[in-house]
$ cat coords27.cif   # mmCIF, C-alpha atoms and all ligand atoms
data_entry
#
loop_
_atom_site.label_atom_id
_atom_site.label_comp_id
_atom_site.auth_asym_id
_atom_site.auth_seq_id
_atom_site.Cartn_x
_atom_site.Cartn_y
_atom_site.Cartn_z
CA MET A 1 3.01 -16.68 18.40
CA THR A 2 5.90 -14.24 18.56
CA ILE A 3 6.01 -10.48 18.50
CA ASP A 4 9.07 -8.96 16.86
CA PRO A 5 11.59 -7.28 19.19
CA GLY A 6 10.38 -4.04 17.68
CA THR A 7 13.65 -2.48 16.61
CA GLN A 8 13.18 -3.38 12.95
CA GLY A 9 13.48 -0.23 10.86
CA ALA A 10 13.89 2.00 13.93
CA ASP A 11 15.66 5.28 13.23
CA VAL A 12 18.29 5.87 15.94
CA LEU A 13 20.47 8.92 16.46
CA LEU A 14 23.69 8.04 18.25
CA VAL A 15 25.65 10.88 19.84
CA GLU A 16 29.04 9.62 20.96
CA ASP A 17 32.53 11.06 20.45
CA ASP A 18 34.46 7.92 21.32
CA HIS A 19 35.31 6.34 17.97
CA THR A 20 35.57 2.71 19.11
CA LEU A 21 32.36 2.76 21.12
CA ARG A 22 30.52 4.60 18.35
CA THR A 23 31.42 2.05 15.67
CA THR A 24 30.62 -0.87 17.97
CA LEU A 25 27.21 0.61 18.77
CA GLU A 26 26.48 1.41 15.13
CA LEU A 27 27.13 -2.20 14.18
CA ALA A 28 25.11 -3.65 17.09
CA LEU A 29 22.13 -1.43 16.23
CA GLN A 30 22.33 -2.17 12.51
CA LEU A 31 22.35 -5.89 13.28
CA ARG A 32 19.01 -5.37 15.01
CA GLY A 33 17.57 -3.75 11.94
CA CYS A 34 17.96 -0.13 13.08
CA THR A 35 18.90 2.73 10.80
CA VAL A 36 21.68 4.62 12.57
CA ARG A 37 22.89 8.17 12.17
CA SER A 38 25.85 9.28 14.26
CA ALA A 39 26.98 12.61 15.63
CA THR A 40 30.18 13.31 17.56
CA THR A 41 29.32 16.75 18.95
CA LEU A 42 26.33 18.54 20.44
CA ALA A 43 26.17 20.87 17.45
CA ARG A 44 26.04 17.94 15.01
CA ALA A 45 23.42 16.24 17.13
CA ARG A 46 21.18 19.33 17.03
CA GLU A 47 21.67 19.56 13.28
CA ALA A 48 20.76 15.86 12.78
CA LEU A 49 17.65 16.28 14.97
CA SER A 50 16.48 19.24 12.93
CA GLN A 51 16.94 17.34 9.66
CA ARG A 52 14.96 14.25 10.61
CA ARG A 53 13.36 13.15 13.82
CA PRO A 54 14.70 9.78 15.04
CA GLU A 55 12.71 7.29 17.14
CA LEU A 56 15.42 7.07 19.79
CA LEU A 57 18.33 9.23 20.91
CA LEU A 58 21.38 7.49 22.41
CA LEU A 59 23.24 10.28 24.10
CA ASP A 60 26.73 10.53 25.58
CA LEU A 61 27.10 13.34 28.11
CA GLY A 62 30.79 14.27 27.85
CA LEU A 63 31.00 15.74 24.37
CA PRO A 64 33.76 17.98 22.91
CA ASP A 65 31.51 21.05 22.67
CA GLY A 66 29.43 20.63 25.80
CA ASP A 67 27.28 18.47 28.01
CA GLY A 68 24.73 16.11 26.43
CA LEU A 69 22.43 16.89 29.34
CA GLU A 70 21.93 20.40 27.90
CA LEU A 71 20.41 18.89 24.78
CA CYS A 72 18.26 16.58 26.87
CA ARG A 73 16.97 19.50 28.98
CA ASP A 74 16.33 21.69 25.92
CA MET A 75 14.24 18.96 24.31
CA ARG A 76 12.15 18.40 27.41
CA ARG A 77 11.70 22.15 27.84
CA ALA A 78 10.32 22.16 24.30
CA ARG A 79 8.00 19.31 25.42
CA ASP A 80 9.66 16.90 22.98
CA PRO A 81 8.81 13.36 24.19
CA LEU A 82 11.50 11.64 22.07
CA PRO A 83 12.90 8.60 23.97
CA ILE A 84 16.42 9.40 25.25
CA LEU A 85 18.86 6.85 26.63
CA VAL A 86 21.93 8.40 28.25
CA LEU A 87 25.24 6.54 28.02
CA THR A 88 27.93 7.95 30.20
CA ALA A 89 30.99 7.32 32.33
CA ARG A 90 29.38 9.44 35.08
CA GLY A 91 28.27 6.63 37.34
CA THR A 92 27.70 8.35 40.67
CA LEU A 93 24.24 8.33 42.14
CA GLU A 94 24.10 12.15 41.81
CA ALA A 95 25.00 11.95 38.13
CA ARG A 96 22.36 9.29 37.43
CA VAL A 97 19.71 11.25 39.26
CA ALA A 98 20.72 14.42 37.39
CA GLY A 99 20.45 12.53 34.09
CA LEU A 100 16.98 11.23 34.82
CA ARG A 101 15.84 14.60 36.21
CA GLY A 102 17.27 16.21 33.07
CA GLY A 103 14.73 14.24 31.09
CA ALA A 104 16.50 10.99 30.15
CA ASP A 105 14.18 7.98 29.93
CA ASP A 106 16.96 5.63 30.87
CA TYR A 107 20.57 5.89 32.03
CA LEU A 108 23.40 3.41 31.55
CA THR A 109 26.89 3.77 32.97
CA LYS A 110 29.99 2.92 30.92
CA PRO A 111 31.32 0.33 30.64
CA PHE A 112 28.03 -1.43 30.02
CA ASP A 113 27.00 -4.82 28.78
CA MET A 114 25.91 -4.70 25.14
CA THR A 115 23.09 -7.21 25.67
CA GLU A 116 21.66 -5.06 28.46
CA LEU A 117 21.93 -1.93 26.35
CA MET A 118 20.13 -3.57 23.44
CA ALA A 119 17.39 -4.86 25.74
CA ARG A 120 16.88 -1.29 26.98
CA VAL A 121 16.93 0.10 23.44
CA GLU A 122 14.29 -2.44 22.44
CA ALA A 123 12.15 -1.62 25.46
CA LEU A 124 12.23 2.14 24.74
CA ILE A 125 11.42 1.74 21.06
CA ARG A 126 8.69 -0.80 21.76
CA ARG A 127 7.09 1.48 24.33
CA ALA A 128 7.20 4.42 21.93
CA ARG A 129 5.79 2.38 19.05
CA TRP A 130 3.33 0.20 20.83
CA ARG A 131 -0.25 0.61 19.88
CA PRO A 132 -2.40 -2.50 19.81
CA GLY A 133 -2.51 -3.95 16.35
CA HIS A 134 0.55 -2.04 15.19
CA MET A 135 3.23 -4.63 15.94
CA ALA A 136 4.35 -7.19 13.41
CA PHE A 137 3.58 -10.72 14.55
CA THR A 138 3.97 -14.32 13.48
CA VAL A 139 1.31 -16.98 13.85
CA GLY A 140 2.36 -20.42 12.71
CA ARG A 141 3.74 -20.06 9.21
CA LEU A 142 2.23 -16.65 8.60
CA ARG A 143 4.05 -13.40 9.35
CA VAL A 144 1.97 -10.22 9.35
CA ASP A 145 2.97 -6.57 9.41
CA PRO A 146 -0.31 -4.75 10.12
CA VAL A 147 1.11 -1.28 9.43
CA ALA A 148 2.63 -2.17 6.06
CA ARG A 149 -0.39 -4.43 5.41
CA GLN A 150 1.95 -7.14 4.24
CA ALA A 151 1.87 -10.83 4.97
CA THR A 152 4.15 -13.70 4.09
CA ARG A 153 3.80 -17.45 4.44
CA ASP A 154 7.19 -19.15 4.69
CA GLY A 155 8.68 -15.92 3.34
CA GLU A 156 6.44 -15.84 0.26
CA PRO A 157 4.07 -12.87 -0.01
CA VAL A 158 0.38 -13.67 0.40
CA GLU A 159 -2.66 -11.46 0.00
CA LEU A 160 -4.72 -10.72 3.09
CA THR A 161 -8.00 -8.90 2.73
CA GLU A 162 -8.84 -6.03 5.07
CA LEU A 163 -11.28 -8.28 6.93
CA GLU A 164 -8.83 -11.16 7.27
CA LEU A 165 -6.18 -8.77 8.64
CA LYS A 166 -8.70 -7.29 11.08
CA LEU A 167 -9.75 -10.75 12.22
CA LEU A 168 -6.14 -11.87 12.81
CA VAL A 169 -5.21 -8.71 14.73
CA TYR A 170 -8.34 -9.13 16.86
CA LEU A 171 -7.41 -12.73 17.73
CA VAL A 172 -3.77 -11.83 18.39
CA GLU A 173 -4.81 -9.09 20.82
CA ARG A 174 -6.87 -11.71 22.66
CA GLN A 175 -4.50 -14.63 22.32
CA GLY A 176 -5.28 -17.49 24.66
CA GLU A 177 -8.89 -16.35 25.11
CA ALA A 178 -11.90 -18.12 23.69
CA VAL A 179 -13.62 -15.69 21.33
CA SER A 180 -17.22 -16.34 20.32
CA ARG A 181 -18.57 -16.08 16.79
CA ALA A 182 -20.97 -13.45 18.07
CA ASP A 183 -18.03 -11.36 19.41
CA LEU A 184 -16.26 -11.66 16.09
CA LEU A 185 -19.32 -10.62 14.16
CA ARG A 186 -19.93 -7.64 16.43
CA ASP A 187 -16.35 -6.41 16.73
CA VAL A 188 -14.72 -7.46 13.47
CA TRP A 189 -17.61 -7.55 11.03
CA ALA A 190 -19.47 -4.83 12.91
CA MET A 191 -22.72 -6.64 12.27
CA SER A 192 -25.34 -8.12 14.52
CA ASP A 193 -25.38 -11.86 15.07
CA THR A 194 -28.42 -12.17 12.88
CA VAL A 195 -25.91 -12.40 10.05
CA GLN A 196 -24.89 -15.98 9.35
CA THR A 197 -22.23 -17.03 11.84
CA ARG A 198 -21.21 -19.43 9.12
CA SER A 199 -19.29 -16.57 7.45
CA VAL A 200 -16.91 -16.49 10.43
CA ASP A 201 -16.14 -20.15 9.84
CA VAL A 202 -15.45 -19.50 6.19
CA PHE A 203 -12.89 -16.80 7.07
CA MET A 204 -11.34 -18.94 9.75
CA SER A 205 -10.84 -21.82 7.38
CA ARG A 206 -9.06 -19.48 4.94
CA LEU A 207 -6.80 -18.14 7.73
CA ARG A 208 -6.01 -21.68 8.85
CA LYS A 209 -4.76 -22.47 5.37
CA LEU A 210 -2.32 -19.55 5.71
CA VAL A 211 -1.24 -20.14 9.29
CA GLU A 212 -1.27 -23.86 9.86
CA ASP A 213 0.90 -26.73 8.69
CA ASP A 214 -2.27 -28.78 8.40
CA ALA A 215 -5.49 -26.78 8.23
CA THR A 216 -7.54 -29.87 9.16
CA ASP A 217 -5.59 -30.29 12.42
CA PRO A 218 -5.03 -26.72 13.63
CA ARG A 219 -2.28 -25.95 16.12
CA TRP A 220 -2.77 -22.16 16.42
CA LEU A 221 -6.30 -21.28 15.36
CA GLN A 222 -8.30 -23.72 17.42
CA SER A 223 -12.03 -24.22 17.64
CA VAL A 224 -13.68 -23.90 21.02
CA ARG A 225 -16.71 -26.17 21.03
CA GLY A 226 -19.95 -24.32 21.48
CA VAL A 227 -18.20 -20.91 21.60
CA GLY A 228 -16.01 -20.04 18.63
CA TYR A 229 -12.29 -19.83 18.33
CA ARG A 230 -9.06 -19.29 20.23
CA LEU A 231 -5.63 -18.23 19.02
CA VAL A 232 -3.19 -20.37 20.95
CA PRO A 233 0.07 -18.53 21.69
CA CA B 1 32.36 11.26 25.58
#
$ encode --input "coords27.cif" --output "structure tokens"
Amino acid sequence: MTIDPGTQGADVLLVEDDHTLRTTLELALQLRGCTVRSATTLARAREALSQRRPELLLLDLGLPDGDGLELCRDMRRARDPLPILVLTARGTLEARVAGLRGGADDYLTKPFDMTELMARVEALIRRARWRPGHMAFTVGRLRVDPVARQATRDGEPVELTELELKLLVYLVERQGEAVSRADLLRDVWAMSDTVQTRSVDVFMSRLRKLVEDDATDPRWLQSVRGVGYRLVP
């Protein structure tokens, strides 16, 4: 099972006055599925923030009309929790401490490694977005986006009922654990176990057809004898 890096569709505001770095960053972010808006001054950055709230702010400090740290401080004063990653040539310990004290969530000194920057971008967005059951995931041949309520098998759209989606998310959140039919009935079906446990098996066999290469020899949705099921990561 894999969980997407989490940057897909993320709205990023990039504030950077250096043309070469800005275009490089725009491209790198777009390649990871982000929507990027750019600003080259503090004033433009404030304007862009007021128009639409991004999910992440990548902020240079040395800008033509002022210090990016002012914007950072203003946002934190206004109790805005927007994730902010500062990118700057100011690499001294004092500068880094000032950046973090000014409200930055993370601080990277130029020149930086693009892979490291992207890993930090992903981590900040994932942390901001993460709520159990809200991340897109892939099990076997099935890819599920719980928020959009969309699923595809080998790229082809498939219909998942509300209950099937709930069941999959439940198993994904407990991947590697044996989950009993009684647990599933209580937590997913919200019924007592006096209801036929057979109905769990019926749903599981339908999910196996979506997930597995061979539903009769499951790789991901395995049976646990005498207990129930386990989603194998
Ligand atoms: Ca600059």
$ closest_residue --input "coords27.cif" --among "A:Arg141, A:Arg206, A:Arg96, A:Arg90" --to "Trp220 in chain A" --atoms "all atoms listed in the file"
A:Arg141
$ residues_near_ligand --input "coords27.cif" --ligand "ligand CA 1 (chain B)" --cutoff "8 Å" --atoms "all atoms listed in the file" --output "NGL selection string"
:A and (16-18 or 60-64 or 88-89)
$ residues_around --input "coords27.cif" --residues "Thr7 in chain A" --least-positions-apart "4" --cutoff "7 Å" --atoms "only C-alpha atoms" --output "CSV table (one decimal) with C-alpha atoms, in the coordinates of the input"
chain,number,residue,atom,x,y,z
A,32,ARG,CA,19.0,-5.4,15.0
A,33,GLY,CA,17.6,-3.8,11.9
A,34,CYS,CA,18.0,-0.1,13.1
A,122,GLU,CA,14.3,-2.4,22.4
A,125,ILE,CA,11.4,1.7,21.1
$ closest_residue --input "coords27.cif" --among "A:Gly9, A:Pro111, A:Pro81, A:Gly68" --to "Ala98 in chain A" --atoms "only C-alpha atoms"
A:Gly68
$ closest_residue --input "coords27.cif" --among "A:Val12, A:Asp113, A:Thr35, A:Thr152" --to "Leu85 in chain A" --atoms "only C-alpha atoms"
A:Val12
$ axis_aligned_box --input "coords27.cif" --around "range 109-119 of chain A" --padding-each-side "3 Å" --output "AutoDock Vina command-line options"
--center_x 24.4 --center_y -1.7 --center_z 28.2 --size_x 19.9 --size_y 17.0 --size_z 15.5
$ atom_distance --input "coords27.cif" --atom1 "CA of Ser180 in chain A" --atom2 "CA of Leu167 in chain A"
12.4 Å
$ atom_distance --input "coords27.cif" --atom1 "CA of Glu116 in chain A" --atom2 "CA of Leu27 in chain A"
15.6 Å
$ closest_residue --input "coords27.cif" --among "A:Asp74, A:Asp65, A:Glu159, A:Glu173" --to "Phe137 in chain A" --atoms "all atoms listed in the file"
A:Glu173
$ closest_residue --input "coords27.cif" --among "A:Leu69, A:Tyr107, A:Ala136, A:Ala78" --to "Thr92 in chain A" --atoms "only C-alpha atoms"
A:Tyr107
$ residues_near_point --input "coords27.cif" --point "(22.3, 6.2, 23.7)" --cutoff "6 Å" --atoms "all atoms listed in the file" --output "PyMOL selection string"
chain A and resi 14+57-59+85-87
$ closest_residue --input "coords27.cif" --among "A:Gly99, A:Pro157, A:Pro83, A:Pro146" --to "Ala123 in chain A" --atoms "all atoms listed in the file"
A:Pro83
$ atom_distance --input "coords27.cif" --atom1 "CA of Gly102 in chain A" --atom2 "CA of Cys72 in chain A"
6.3 Å
